[in-house]
file structure.tsv (TSV, C-alpha atoms)
chain	number	residue	atom	x	y	z
A	197	MET	CA	86.28	80.40	91.76
A	198	LYS	CA	88.96	78.03	90.49
A	199	VAL	CA	90.70	75.87	93.09
A	200	GLU	CA	94.07	77.53	92.38
A	201	VAL	CA	92.61	80.99	92.82
A	202	GLN	CA	90.87	79.93	96.02
A	203	LYS	CA	94.17	78.65	97.34
A	204	LYS	CA	95.89	81.90	96.45
A	205	VAL	CA	93.20	83.96	98.15
A	206	ARG	CA	93.44	81.79	101.27
A	207	ILE	CA	97.22	82.10	101.38
A	208	ILE	CA	97.15	85.88	100.94
A	209	GLN	CA	94.58	86.24	103.71
A	210	LYS	CA	96.62	84.04	106.03
A	211	ALA	CA	99.86	85.80	105.14
A	212	MET	CA	98.37	89.22	105.80
A	213	ASN	CA	97.05	88.07	109.18
A	214	SER	CA	100.51	86.83	110.08
A	215	ILE	CA	102.19	90.02	108.90
A	216	ARG	CA	99.83	92.05	111.04
A	217	LYS	CA	100.59	89.88	114.06
A	218	MET	CA	104.34	90.14	113.46
A	219	ASP	CA	104.06	93.95	113.66
A	220	LYS	CA	107.22	94.30	111.59
A	221	THR	CA	108.22	96.61	108.79
A	222	VAL	CA	107.29	94.71	105.63
A	223	HIS	CA	110.73	94.74	104.00
A	224	THR	CA	112.27	93.03	107.03
A	225	ILE	CA	110.02	89.98	106.76
A	226	SER	CA	111.59	87.04	105.01
A	227	PHE	CA	109.53	84.45	103.21
A	228	SER	CA	110.81	81.63	105.39
A	229	ARG	CA	109.90	83.56	108.55
A	230	LEU	CA	106.48	84.25	107.12
A	231	ALA	CA	105.99	80.56	106.30
A	232	ASP	CA	106.92	79.69	109.90
A	233	GLU	CA	104.48	82.22	111.24
A	234	MET	CA	101.78	80.85	108.94
A	235	GLU	CA	102.66	77.29	109.97
A	236	MET	CA	102.89	76.14	106.39
A	237	PRO	CA	105.69	74.70	104.25
A	238	LEU	CA	107.81	77.34	102.51
A	239	ASN	CA	107.32	75.70	99.13
A	240	GLU	CA	103.56	76.27	99.33
A	241	LEU	CA	104.30	79.97	99.43
A	242	THR	CA	107.05	79.95	96.83
A	243	ASP	CA	104.86	77.95	94.44
A	244	ILE	CA	102.64	80.99	94.18
A	245	PHE	CA	104.78	84.05	94.99
A	246	LEU	CA	108.43	84.88	94.44
A	247	ASP	CA	108.79	86.83	97.66
A	248	VAL	CA	106.95	89.18	100.03
A	249	GLU	CA	107.15	92.03	97.52
A	250	ASP	CA	105.60	89.82	94.85
A	251	MET	CA	102.72	89.01	97.17
A	252	PHE	CA	101.95	92.68	97.79
A	253	LEU	CA	102.36	93.50	94.12
A	254	ASN	CA	99.92	90.75	93.26
A	255	GLU	CA	97.31	92.12	95.64
A	256	GLN	CA	97.85	95.66	94.43
A	257	LYS	CA	97.45	94.55	90.81
A	258	ARG	CA	94.32	92.58	91.61
A	259	VAL	CA	92.49	95.71	92.72
A	260	THR	CA	93.74	97.74	89.76
A	261	ARG	CA	92.77	94.99	87.33
A	262	LYS	CA	89.20	94.84	88.63
A	263	ILE	CA	88.80	98.61	88.51
A	264	THR	CA	90.32	98.73	85.04
A	265	GLU	CA	87.86	96.10	83.80
A	266	LEU	CA	84.95	98.05	85.22
A	267	VAL	CA	86.14	101.36	83.78
A	268	GLU	CA	87.01	100.00	80.32
A	269	GLU	CA	83.70	98.17	80.00
A	270	GLY	CA	81.86	101.20	81.34
A	271	LEU	CA	83.55	103.60	78.95
A	272	LYS	CA	82.54	101.39	76.02
A	273	ASP	CA	78.91	101.64	77.11
A	274	CYS	CA	79.02	105.36	77.87
A	275	HIS	CA	76.53	107.00	75.53
A	276	THR	CA	75.11	109.79	77.65
A	277	PRO	CA	76.50	112.10	80.36
A	278	ASN	CA	74.46	110.15	82.89
A	279	ASP	CA	76.20	106.91	81.87
A	280	ALA	CA	79.56	108.53	82.64
A	281	LYS	CA	78.34	109.92	85.96
A	282	GLU	CA	77.07	106.49	86.92
A	283	LEU	CA	80.36	104.93	85.91
A	284	LEU	CA	82.25	107.23	88.26
A	285	GLU	CA	79.86	106.38	91.06
A	286	ARG	CA	80.07	102.64	90.33
A	287	SER	CA	83.86	102.80	90.43
A	288	THR	CA	83.86	104.38	93.88
A	289	LEU	CA	81.43	101.70	95.07
A	290	LYS	CA	83.50	98.95	93.50
A	291	LEU	CA	86.50	100.08	95.52
A	292	ILE	CA	84.54	99.52	98.73
A	293	GLU	CA	83.76	96.00	97.68
A	294	LEU	CA	87.27	95.23	96.40
A	295	LEU	CA	89.41	96.40	99.28
A	296	PRO	CA	89.78	93.61	101.84
A	297	ASP	CA	90.30	94.23	105.54
A	298	TYR	CA	94.06	93.93	105.15
A	299	SER	CA	94.28	96.67	102.52
A	300	ASP	CA	95.90	99.05	105.00
A	301	LEU	CA	98.94	96.74	104.93
A	302	VAL	CA	99.02	96.76	101.14
A	303	TYR	CA	98.49	100.50	101.07
A	304	SER	CA	101.53	101.17	103.24
A	305	ALA	CA	103.74	98.65	101.45
A	306	VAL	CA	103.19	100.30	98.07
A	307	PHE	CA	105.01	103.38	99.34
A	308	TYR	CA	108.25	101.48	99.82
A	309	LEU	CA	108.55	98.27	97.85
A	310	PRO	CA	110.13	99.24	94.49
A	311	LYS	CA	107.91	97.12	92.22
A	312	CYS	CA	104.83	98.34	94.06
A	313	ILE	CA	105.94	101.97	93.72
A	314	ALA	CA	106.35	101.47	89.97
A	315	GLU	CA	102.90	99.90	89.78
A	316	ARG	CA	101.44	102.75	91.81
A	317	ASP	CA	102.90	105.31	89.39
A	318	ARG	CA	101.57	103.38	86.42
A	319	THR	CA	98.12	103.07	87.97
A	320	LYS	CA	97.97	106.75	88.82
A	321	LYS	CA	98.63	107.66	85.19
A	322	TYR	CA	95.92	105.24	84.08
A	323	TYR	CA	93.40	106.61	86.60
A	324	ARG	CA	94.13	110.16	85.47
A	325	GLN	CA	93.62	109.27	81.83
A	326	SER	CA	90.38	107.40	82.57
A	327	LEU	CA	89.01	110.08	84.88
A	328	LYS	CA	89.59	112.68	82.20
A	329	LYS	CA	87.56	110.61	79.72
A	330	ILE	CA	84.77	110.11	82.25
A	331	ILE	CA	84.64	113.79	83.21
A	332	LYS	CA	84.66	114.86	79.57
A	333	LYS	CA	81.72	112.57	78.82
A	334	GLY	CA	79.83	113.12	82.04
A	335	TRP	CA	80.15	116.87	82.31
A	336	PRO	CA	80.49	118.03	78.70
A	337	GLY	CA	81.29	121.54	77.53
A	338	LYS	CA	84.42	122.16	79.58
A	339	ILE	CA	87.44	123.70	77.89
A	340	GLU	CA	90.64	121.63	77.87
A	341	SER	CA	92.44	123.55	80.63
A	342	VAL	CA	89.45	123.30	82.96
A	343	LEU	CA	89.15	119.62	82.18
A	344	ASP	CA	92.80	119.10	83.09
A	345	ARG	CA	92.58	121.05	86.33
A	346	GLN	CA	89.40	119.33	87.41
A	347	THR	CA	90.81	115.93	86.52
A	348	ASP	CA	93.78	116.60	88.79
A	349	LEU	CA	91.49	117.61	91.63
A	350	VAL	CA	89.27	114.56	91.24
A	351	LEU	CA	92.34	112.35	91.00
A	352	LEU	CA	93.86	113.65	94.20
A	353	SER	CA	90.48	113.41	95.90
A	354	LEU	CA	90.18	109.81	94.76
A	355	TYR	CA	93.55	108.99	96.33
A	356	GLY	CA	92.39	110.57	99.59
A	357	TYR	CA	89.22	108.51	99.34
A	358	MET	CA	91.18	105.28	98.83
A	359	GLU	CA	93.48	106.12	101.73
A	360	TYR	CA	90.42	106.51	103.93
A	361	LEU	CA	88.78	103.29	102.69
A	362	VAL	CA	91.74	101.10	103.56
A	363	ARG	CA	91.40	102.04	107.23
A	364	ALA	CA	87.63	102.24	107.50
A	365	ASN	CA	85.01	99.60	108.25
A	366	LEU	CA	82.19	98.83	105.83
A	367	ARG	CA	79.70	101.25	107.40
A	368	GLU	CA	82.20	104.11	107.37
A	369	ARG	CA	83.14	103.29	103.80
A	370	LYS	CA	79.55	103.48	102.63
A	371	GLU	CA	78.93	106.73	104.45
A	372	ILE	CA	81.95	108.48	103.04
A	373	GLN	CA	81.25	107.18	99.53
A	374	LYS	CA	77.91	109.01	99.38
A	375	ASP	CA	79.38	112.28	100.59
A	376	PHE	CA	82.42	111.87	98.39
A	377	ILE	CA	80.49	111.32	95.18
A	378	ASN	CA	78.11	114.20	96.00
A	379	MET	CA	81.03	116.51	96.57
A	380	ILE	CA	82.69	115.47	93.30
A	381	ASN	CA	79.39	116.02	91.47
A	382	LEU	CA	79.03	119.48	92.96
A	383	HIS	CA	82.57	120.33	91.95
A	384	LEU	CA	82.19	119.05	88.40
A	385	GLN	CA	78.92	120.87	87.83
A	386	ASP	CA	80.96	124.05	87.78
A	387	ARG	CA	81.49	124.16	84.03
A	388	LEU	CA	83.79	127.15	83.89
A	389	PHE	CA	85.53	126.31	87.15
A	390	PHE	CA	86.10	129.56	89.04
B	28	MET	CA	122.12	112.90	128.43
B	29	ILE	CA	123.62	114.26	125.22
B	30	LYS	CA	121.21	116.43	123.28
B	31	LEU	CA	121.58	116.90	119.56
B	32	SER	CA	121.40	120.52	118.50
B	33	PRO	CA	118.45	121.32	116.18
B	34	ASN	CA	120.95	122.13	113.48
B	35	LEU	CA	122.68	118.78	113.78
B	36	LYS	CA	119.32	117.01	113.84
B	37	ASP	CA	118.44	118.64	110.52
B	38	LYS	CA	121.75	117.47	109.12
B	39	VAL	CA	121.09	113.93	110.32
B	40	VAL	CA	117.69	113.94	108.61
B	41	ASN	CA	119.18	115.29	105.39
B	42	LYS	CA	121.91	112.66	105.38
B	43	ALA	CA	119.39	109.89	106.04
B	44	VAL	CA	117.10	111.13	103.28
B	45	ASN	CA	119.97	111.50	100.81
B	46	SER	CA	121.18	108.03	101.59
B	47	LEU	CA	117.70	106.63	101.13
B	48	ARG	CA	117.30	108.47	97.85
B	49	LYS	CA	120.56	106.91	96.62
B	50	ASN	CA	120.18	103.36	97.92
B	51	LYS	CA	116.37	103.05	97.98
B	52	SER	CA	116.69	100.90	101.08
B	53	ILE	CA	116.22	101.65	104.75
B	54	ASP	CA	118.36	98.58	105.53
B	55	GLN	CA	121.40	100.31	104.14
B	56	LEU	CA	121.02	103.30	106.43
B	57	SER	CA	123.40	103.15	109.33
B	58	PHE	CA	124.22	105.35	112.28
B	59	ALA	CA	127.91	104.65	111.64
B	60	ALA	CA	127.79	106.04	108.09
B	61	ILE	CA	125.74	109.09	109.09
B	62	ALA	CA	127.99	109.81	112.07
B	63	LYS	CA	131.08	109.49	109.90
B	64	GLU	CA	129.74	111.83	107.25
B	65	LEU	CA	128.74	114.41	109.86
B	66	ASP	CA	131.95	113.96	111.79
B	67	VAL	CA	130.19	113.23	115.09
B	68	GLY	CA	130.31	110.23	117.40
B	69	ILE	CA	127.83	107.40	116.94
B	70	ASP	CA	126.90	107.75	120.60
B	71	GLU	CA	125.65	111.27	119.87
B	72	LEU	CA	123.15	109.78	117.46
B	73	THR	CA	122.22	106.68	119.40
B	74	THR	CA	121.53	108.68	122.53
B	75	PHE	CA	118.82	110.44	120.67
B	76	TYR	CA	117.59	107.82	118.21
B	77	ASN	CA	116.98	104.14	118.99
B	78	THR	CA	116.76	103.09	115.36
B	79	THR	CA	117.37	104.73	112.01
B	80	GLU	CA	113.58	104.76	111.58
B	81	ASP	CA	113.40	107.13	114.56
B	82	ILE	CA	115.17	109.74	112.46
B	83	PHE	CA	112.18	109.92	110.15
B	84	LEU	CA	109.63	109.78	112.95
B	85	ASP	CA	111.36	112.65	114.71
B	86	ALA	CA	111.43	114.72	111.50
B	87	GLN	CA	107.76	113.98	110.87
B	88	LYS	CA	106.83	115.09	114.40
B	89	LYS	CA	108.92	118.23	114.12
B	90	ASP	CA	107.28	119.29	110.85
B	91	TRP	CA	103.76	118.72	112.11
B	92	GLU	CA	104.34	120.30	115.52
B	93	SER	CA	105.64	123.42	113.86
B	94	LEU	CA	102.67	123.52	111.51
B	95	HIS	CA	100.21	123.04	114.38
B	96	ARG	CA	101.87	125.81	116.42
B	97	TYR	CA	101.47	128.21	113.51
B	98	TRP	CA	97.91	127.09	112.84
B	99	ASP	CA	96.90	127.36	116.51
B	100	LYS	CA	98.10	130.98	116.59
B	101	GLN	CA	95.88	131.80	113.62
B	102	ILE	CA	92.89	130.02	115.18
B	103	LYS	CA	93.43	131.80	118.50
B	104	LYS	CA	93.45	135.19	116.78
B	105	ALA	CA	90.24	134.49	114.84
B	106	LYS	CA	87.07	136.27	115.95
B	107	THR	CA	84.70	136.46	112.98
B	108	PRO	CA	83.59	133.81	110.45
B	109	GLY	CA	85.89	135.53	107.94
B	110	ASP	CA	88.85	135.10	110.31
B	111	PHE	CA	88.06	131.41	110.79
B	112	LYS	CA	87.80	130.91	107.04
B	113	ARG	CA	91.14	132.63	106.67
B	114	ALA	CA	92.66	130.37	109.35
B	115	PHE	CA	91.32	127.40	107.40
B	116	GLU	CA	92.92	128.63	104.18
B	117	ILE	CA	96.17	129.67	105.81
B	118	PHE	CA	96.71	126.14	107.00
B	119	PHE	CA	96.89	124.81	103.43
B	120	GLU	CA	99.12	127.70	102.32
B	121	ARG	CA	101.49	127.15	105.20
B	122	PHE	CA	101.51	123.41	104.65
B	123	VAL	CA	102.59	123.84	101.02
B	124	GLU	CA	105.08	126.62	101.76
B	125	THR	CA	106.88	124.61	104.41
B	126	LEU	CA	107.20	121.36	102.48
B	127	SER	CA	110.83	120.31	102.42
B	128	LYS	CA	112.62	119.49	99.20
B	129	ASP	CA	112.42	115.85	100.23
B	130	ALA	CA	108.73	115.97	101.00
B	131	ASP	CA	108.01	113.06	98.64
B	132	LEU	CA	110.31	110.65	100.46
B	133	ARG	CA	109.29	111.84	103.90
B	134	PHE	CA	105.65	111.39	102.97
B	135	GLU	CA	106.23	107.89	101.63
B	136	LEU	CA	108.04	106.88	104.80
B	137	SER	CA	105.24	108.32	106.92
B	138	CYS	CA	102.91	105.93	105.10
B	139	TYR	CA	105.24	102.96	105.42
B	140	LEU	CA	107.16	102.87	108.71
B	141	PRO	CA	104.97	101.47	111.52
B	142	GLU	CA	105.79	104.15	114.11
B	143	CYS	CA	105.32	106.90	111.52
B	144	ILE	CA	101.94	105.42	110.56
B	145	LYS	CA	100.87	105.49	114.21
B	146	TYR	CA	101.89	109.14	114.47
B	147	ARG	CA	100.19	109.91	111.18
B	148	ASP	CA	96.92	108.36	112.42
B	149	LYS	CA	97.05	110.35	115.66
B	150	ASN	CA	97.84	113.53	113.82
B	151	ARG	CA	95.02	112.94	111.39
B	152	ILE	CA	92.55	113.02	114.27
B	153	LYS	CA	94.06	116.29	115.48
B	154	VAL	CA	93.84	117.83	112.01
B	155	LYS	CA	90.22	116.71	111.65
B	156	GLU	CA	89.28	118.24	114.99
B	157	LYS	CA	90.72	121.57	113.90
B	158	PHE	CA	88.92	121.40	110.56
B	159	SER	CA	85.73	120.72	112.48
B	160	LYS	CA	86.23	123.77	114.69
B	161	LEU	CA	87.03	126.00	111.73
B	162	ILE	CA	84.08	124.78	109.67
B	163	LYS	CA	81.75	125.39	112.61
B	164	ARG	CA	82.98	128.93	113.14
B	165	GLY	CA	83.83	129.86	109.56
B	166	TRP	CA	80.65	128.59	107.94
B	167	PRO	CA	78.11	129.01	110.75
B	168	GLY	CA	74.60	127.60	110.77
B	169	LYS	CA	75.43	123.97	110.03
B	170	ASP	CA	74.11	121.29	112.34
B	171	MET	CA	76.59	119.06	114.17
B	172	LYS	CA	76.05	116.07	111.90
B	173	VAL	CA	76.81	118.13	108.81
B	174	ILE	CA	79.93	119.56	110.46
B	175	GLN	CA	81.14	116.05	111.28
B	176	ARG	CA	80.55	114.76	107.76
B	177	GLN	CA	82.12	117.78	106.12
B	178	SER	CA	85.15	117.65	108.44
B	179	GLU	CA	85.64	114.00	107.60
B	180	LEU	CA	85.38	114.71	103.90
B	181	VAL	CA	87.74	117.68	104.02
B	182	THR	CA	90.25	115.52	105.91
B	183	VAL	CA	89.92	112.76	103.31
B	184	LEU	CA	90.55	115.25	100.53
B	185	PHE	CA	93.42	116.88	102.37
B	186	TYR	CA	95.26	113.55	102.69
B	187	GLY	CA	94.79	112.98	98.97
B	188	PHE	CA	96.08	116.50	98.42
B	189	ILE	CA	99.23	115.75	100.44
B	190	ASP	CA	99.94	112.64	98.41
B	191	HIS	CA	99.54	114.63	95.21
B	192	ILE	CA	101.41	117.78	96.09
B	193	VAL	CA	104.56	116.15	97.41
B	194	HIS	CA	104.95	114.32	94.11
B	195	ILE	CA	104.72	117.33	91.81
B	196	PRO	CA	107.37	120.00	91.11
B	197	LYS	CA	107.43	122.98	93.48
B	198	GLU	CA	106.44	125.46	90.75
B	199	GLU	CA	103.18	123.58	90.06
B	200	ARG	CA	102.08	123.47	93.68
B	201	SER	CA	100.56	126.95	94.05
B	202	LYS	CA	98.23	126.39	91.08
B	203	ILE	CA	96.76	123.18	92.45
B	204	LEU	CA	96.63	124.67	95.95
B	205	SER	CA	94.43	127.47	94.67
B	206	ASP	CA	92.11	125.06	92.84
B	207	PHE	CA	91.98	122.77	95.85
B	208	ARG	CA	90.99	125.59	98.20
B	209	ASN	CA	88.31	126.74	95.79
B	210	MET	CA	86.92	123.23	95.61
B	211	LEU	CA	86.73	123.03	99.41
B	212	ASN	CA	85.12	126.45	99.63
B	213	LEU	CA	82.44	125.49	97.17
B	214	HIS	CA	81.78	122.36	99.16
B	215	LEU	CA	81.61	124.18	102.50
B	216	GLN	CA	79.25	126.85	101.21
B	217	ASP	CA	76.63	124.12	101.07
B	218	ARG	CA	75.09	124.77	104.47
B	219	LYS	CA	72.78	121.78	104.61
B	220	PHE	CA	75.14	119.48	102.73
B	221	PHE	CA	72.94	117.63	100.26

call {"tool": "encode", "arguments": {"input": "structure.tsv", "output": "structure tokens"}}
result
Amino acid sequence: MKVEVQKKVRIIQKAMNSIRKMDKTVHTISFSRLADEMEMPLNELTDIFLDVEDMFLNEQKRVTRKITELVEEGLKDCHTPNDAKELLERSTLKLIELLPDYSDLVYSAVFYLPKCIAERDRTKKYYRQSLKKIIKKGWPGKIESVLDRQTDLVLLSLYGYMEYLVRANLRERKEIQKDFINMINLHLQDRLFF
Amino acid sequence: MIKLSPNLKDKVVNKAVNSLRKNKSIDQLSFAAIAKELDVGIDELTTFYNTTEDIFLDAQKKDWESLHRYWDKQIKKAKTPGDFKRAFEIFFERFVETLSKDADLRFELSCYLPECIKYRDKNRIKVKEKFSKLIKRGWPGKDMKVIQRQSELVTVLFYGFIDHIVHIPKEERSKILSDFRNMLNLHLQDRKFF
């Protein structure tokens, strides 16, 4: 990892620890107050982030970027239905690995901070589009309307899964991942869908 | 102690939500503005609410308590597995039917405001316990471990469902509700669970 990136990671981790200790609503925390709490000069923070919102947005984008890379690469290499099924499974596993222990803070902030809300909306559209491609390749033979309905169900399930992950420890995350992916598989095996 | 009438409390919530929808900022919410618009004294509001955030917490509690009361009645009446399955399904129907027109904003605040998050976490446990009871009685023959895992998974999916349904137009909700219930049913029919 580059030195700059390492520094950024360290600052985010420290900032999140401080935010948790402050037990304040995120939008009420000023950057200068955060710097005080972190016992570091304000300019070290402002060199990297514009404000608190920017810091959360950055963290939110980091996770999306990593998942996007995995999905795009995976879709390129998807030649058989099994490849697509594995890609879906790998993505759910990747989320476990990507979400740090402060992701509950990020998760709640993205429901209020305007730039984070916009990013959330954008990401949701991207996930829907990608899931549809994966389902189409992994469980072929579905008609378009079934594909759309099942994509919506998998998408909403995925958001429930992420909401759970941000609050769970590693063991709980791994346990739910297995059940989650099995349940999605069972659901998608239904070609005609009710 | 002055007690706000339920009617006035609803008006306070509506004013707060409208203001938030317009200004996009909790900071700009004030008791003074709400009191002025409703033509009541500030003291009437501050006797009941300590902060403007309390308005949303109170609304969140009211919605869930009403839903639980209704759900408990259905569970109490249930005698056969069919009745318990029905009580399970009715919960989702009732949840969707009773969503307010501002369900999106109320949901987002319940994920963002610290006190609302605490209530949400507590309520989640309560919801999971009821799912567990209904799965045990509605789909008998499962061992305890399977019931626990399936209750957890249904809860995970339900929270994803909430996030999805509050963000789509009212007329699209019944369609996804029906698909969602079918997906859960298929999952719960699996007695041994993989």

call {"tool": "residues_near_point", "arguments": {"input": "structure.tsv", "point": "(84.2, 102.8, 81.0)", "cutoff": "9 Å", "atoms": "all atoms listed in the file", "output": "ChimeraX atom specification"}}
result
/A:264-274,280,283-284,326,329-330

call {"tool": "residues_around", "arguments": {"input": "structure.tsv", "residues": "A:Lys311", "least_positions_apart": "4", "cutoff": "9 Å", "atoms": "all atoms listed in the file", "output": "ChimeraX atom specification"}}
result
/A:249-250,253,306,315-316

call {"tool": "residues_around", "arguments": {"input": "structure.tsv", "residues": "B:Leu215", "least_positions_apart": "6", "cutoff": "10 Å", "atoms": "all atoms listed in the file", "output": "list in words"}}
result
Met379 of chain A; Ile162, Gly165, Trp166, Lys169, Val173, Ile174, Gln177, Ser178, Val181 and Asn209 of chain B

call {"tool": "residues_near_point", "arguments": {"input": "structure.tsv", "point": "(93.3, 121.8, 115.6)", "cutoff": "12 Å", "atoms": "only C-alpha atoms", "output": "PyMOL selection string"}}
result
chain B and resi 91-92+94-103+111+114-115+118+150-162+178+182

call {"tool": "closest_residue", "arguments": {"input": "structure.tsv", "among": "A:Asn378, A:Asn278, A:Gln256, A:Thr242", "to": "A:Pro336", "atoms": "all atoms listed in the file"}}
result
A:Asn278

call {"tool": "closest_residue", "arguments": {"input": "structure.tsv", "among": "A:Leu343, A:Leu295, A:Val222, A:Ala314", "to": "chain B", "atoms": "all atoms listed in the file"}}
result
A:Val222

call {"tool": "interface_residues", "arguments": {"input": "structure.tsv", "of": "chain B", "to": "chain A", "cutoff": "8 Å", "atoms": "all atoms listed in the file", "output": "number ranges by chain"}}
result
B: 135-136, 138-141, 176, 180, 183-188, 190-191, 203, 206-207, 209-210, 213-214, 221

call {"tool": "atom_distance", "arguments": {"input": "structure.tsv", "atom1": "atom CA of A:Lys370", "atom2": "atom CA of B:Met171"}}
result
19.6 Å

call {"tool": "decode", "arguments": {"input": "structure.tsv", "residues": "stretch 164-193 of chain B", "atoms": "C-alpha atoms", "output": "compact mmCIF listing (two decimals), in the first residue's frame"}}
result
# COMPACT_ATOMS: atom_id res chain seq x y z
CA ARG B 164 -45.63 -22.90 14.72
CA GLY B 165 -46.40 -22.23 11.06
CA TRP B 166 -43.82 -24.56 9.56
CA PRO B 167 -43.55 -27.26 12.24
CA GLY B 168 -40.91 -29.97 12.39
CA LYS B 169 -37.83 -27.78 12.14
CA ASP B 170 -35.13 -28.13 14.77
CA MET B 171 -34.25 -25.12 16.92
CA LYS B 172 -31.04 -24.33 15.06
CA VAL B 173 -32.87 -24.21 11.73
CA ILE B 174 -35.56 -21.97 13.24
CA GLN B 175 -32.91 -19.59 14.54
CA ARG B 176 -31.10 -19.40 11.20
CA GLN B 177 -34.28 -18.99 9.21
CA SER B 178 -35.60 -16.30 11.59
CA GLU B 179 -32.35 -14.41 11.25
CA LEU B 180 -32.47 -14.66 7.48
CA VAL B 181 -36.12 -13.62 7.25
CA THR B 182 -35.31 -10.61 9.45
CA VAL B 183 -32.36 -9.69 7.24
CA LEU B 184 -34.56 -9.86 4.16
CA PHE B 185 -37.37 -7.96 5.83
CA TYR B 186 -35.07 -5.03 6.62
CA GLY B 187 -33.94 -4.99 3.00
CA PHE B 188 -37.59 -5.09 2.01
CA ILE B 189 -38.36 -2.05 4.17
CA ASP B 190 -35.54 -0.07 2.58
CA HIS B 191 -36.84 -0.98 -0.86
CA ILE B 192 -40.55 -0.51 -0.37
CA VAL B 193 -40.42 2.93 1.22
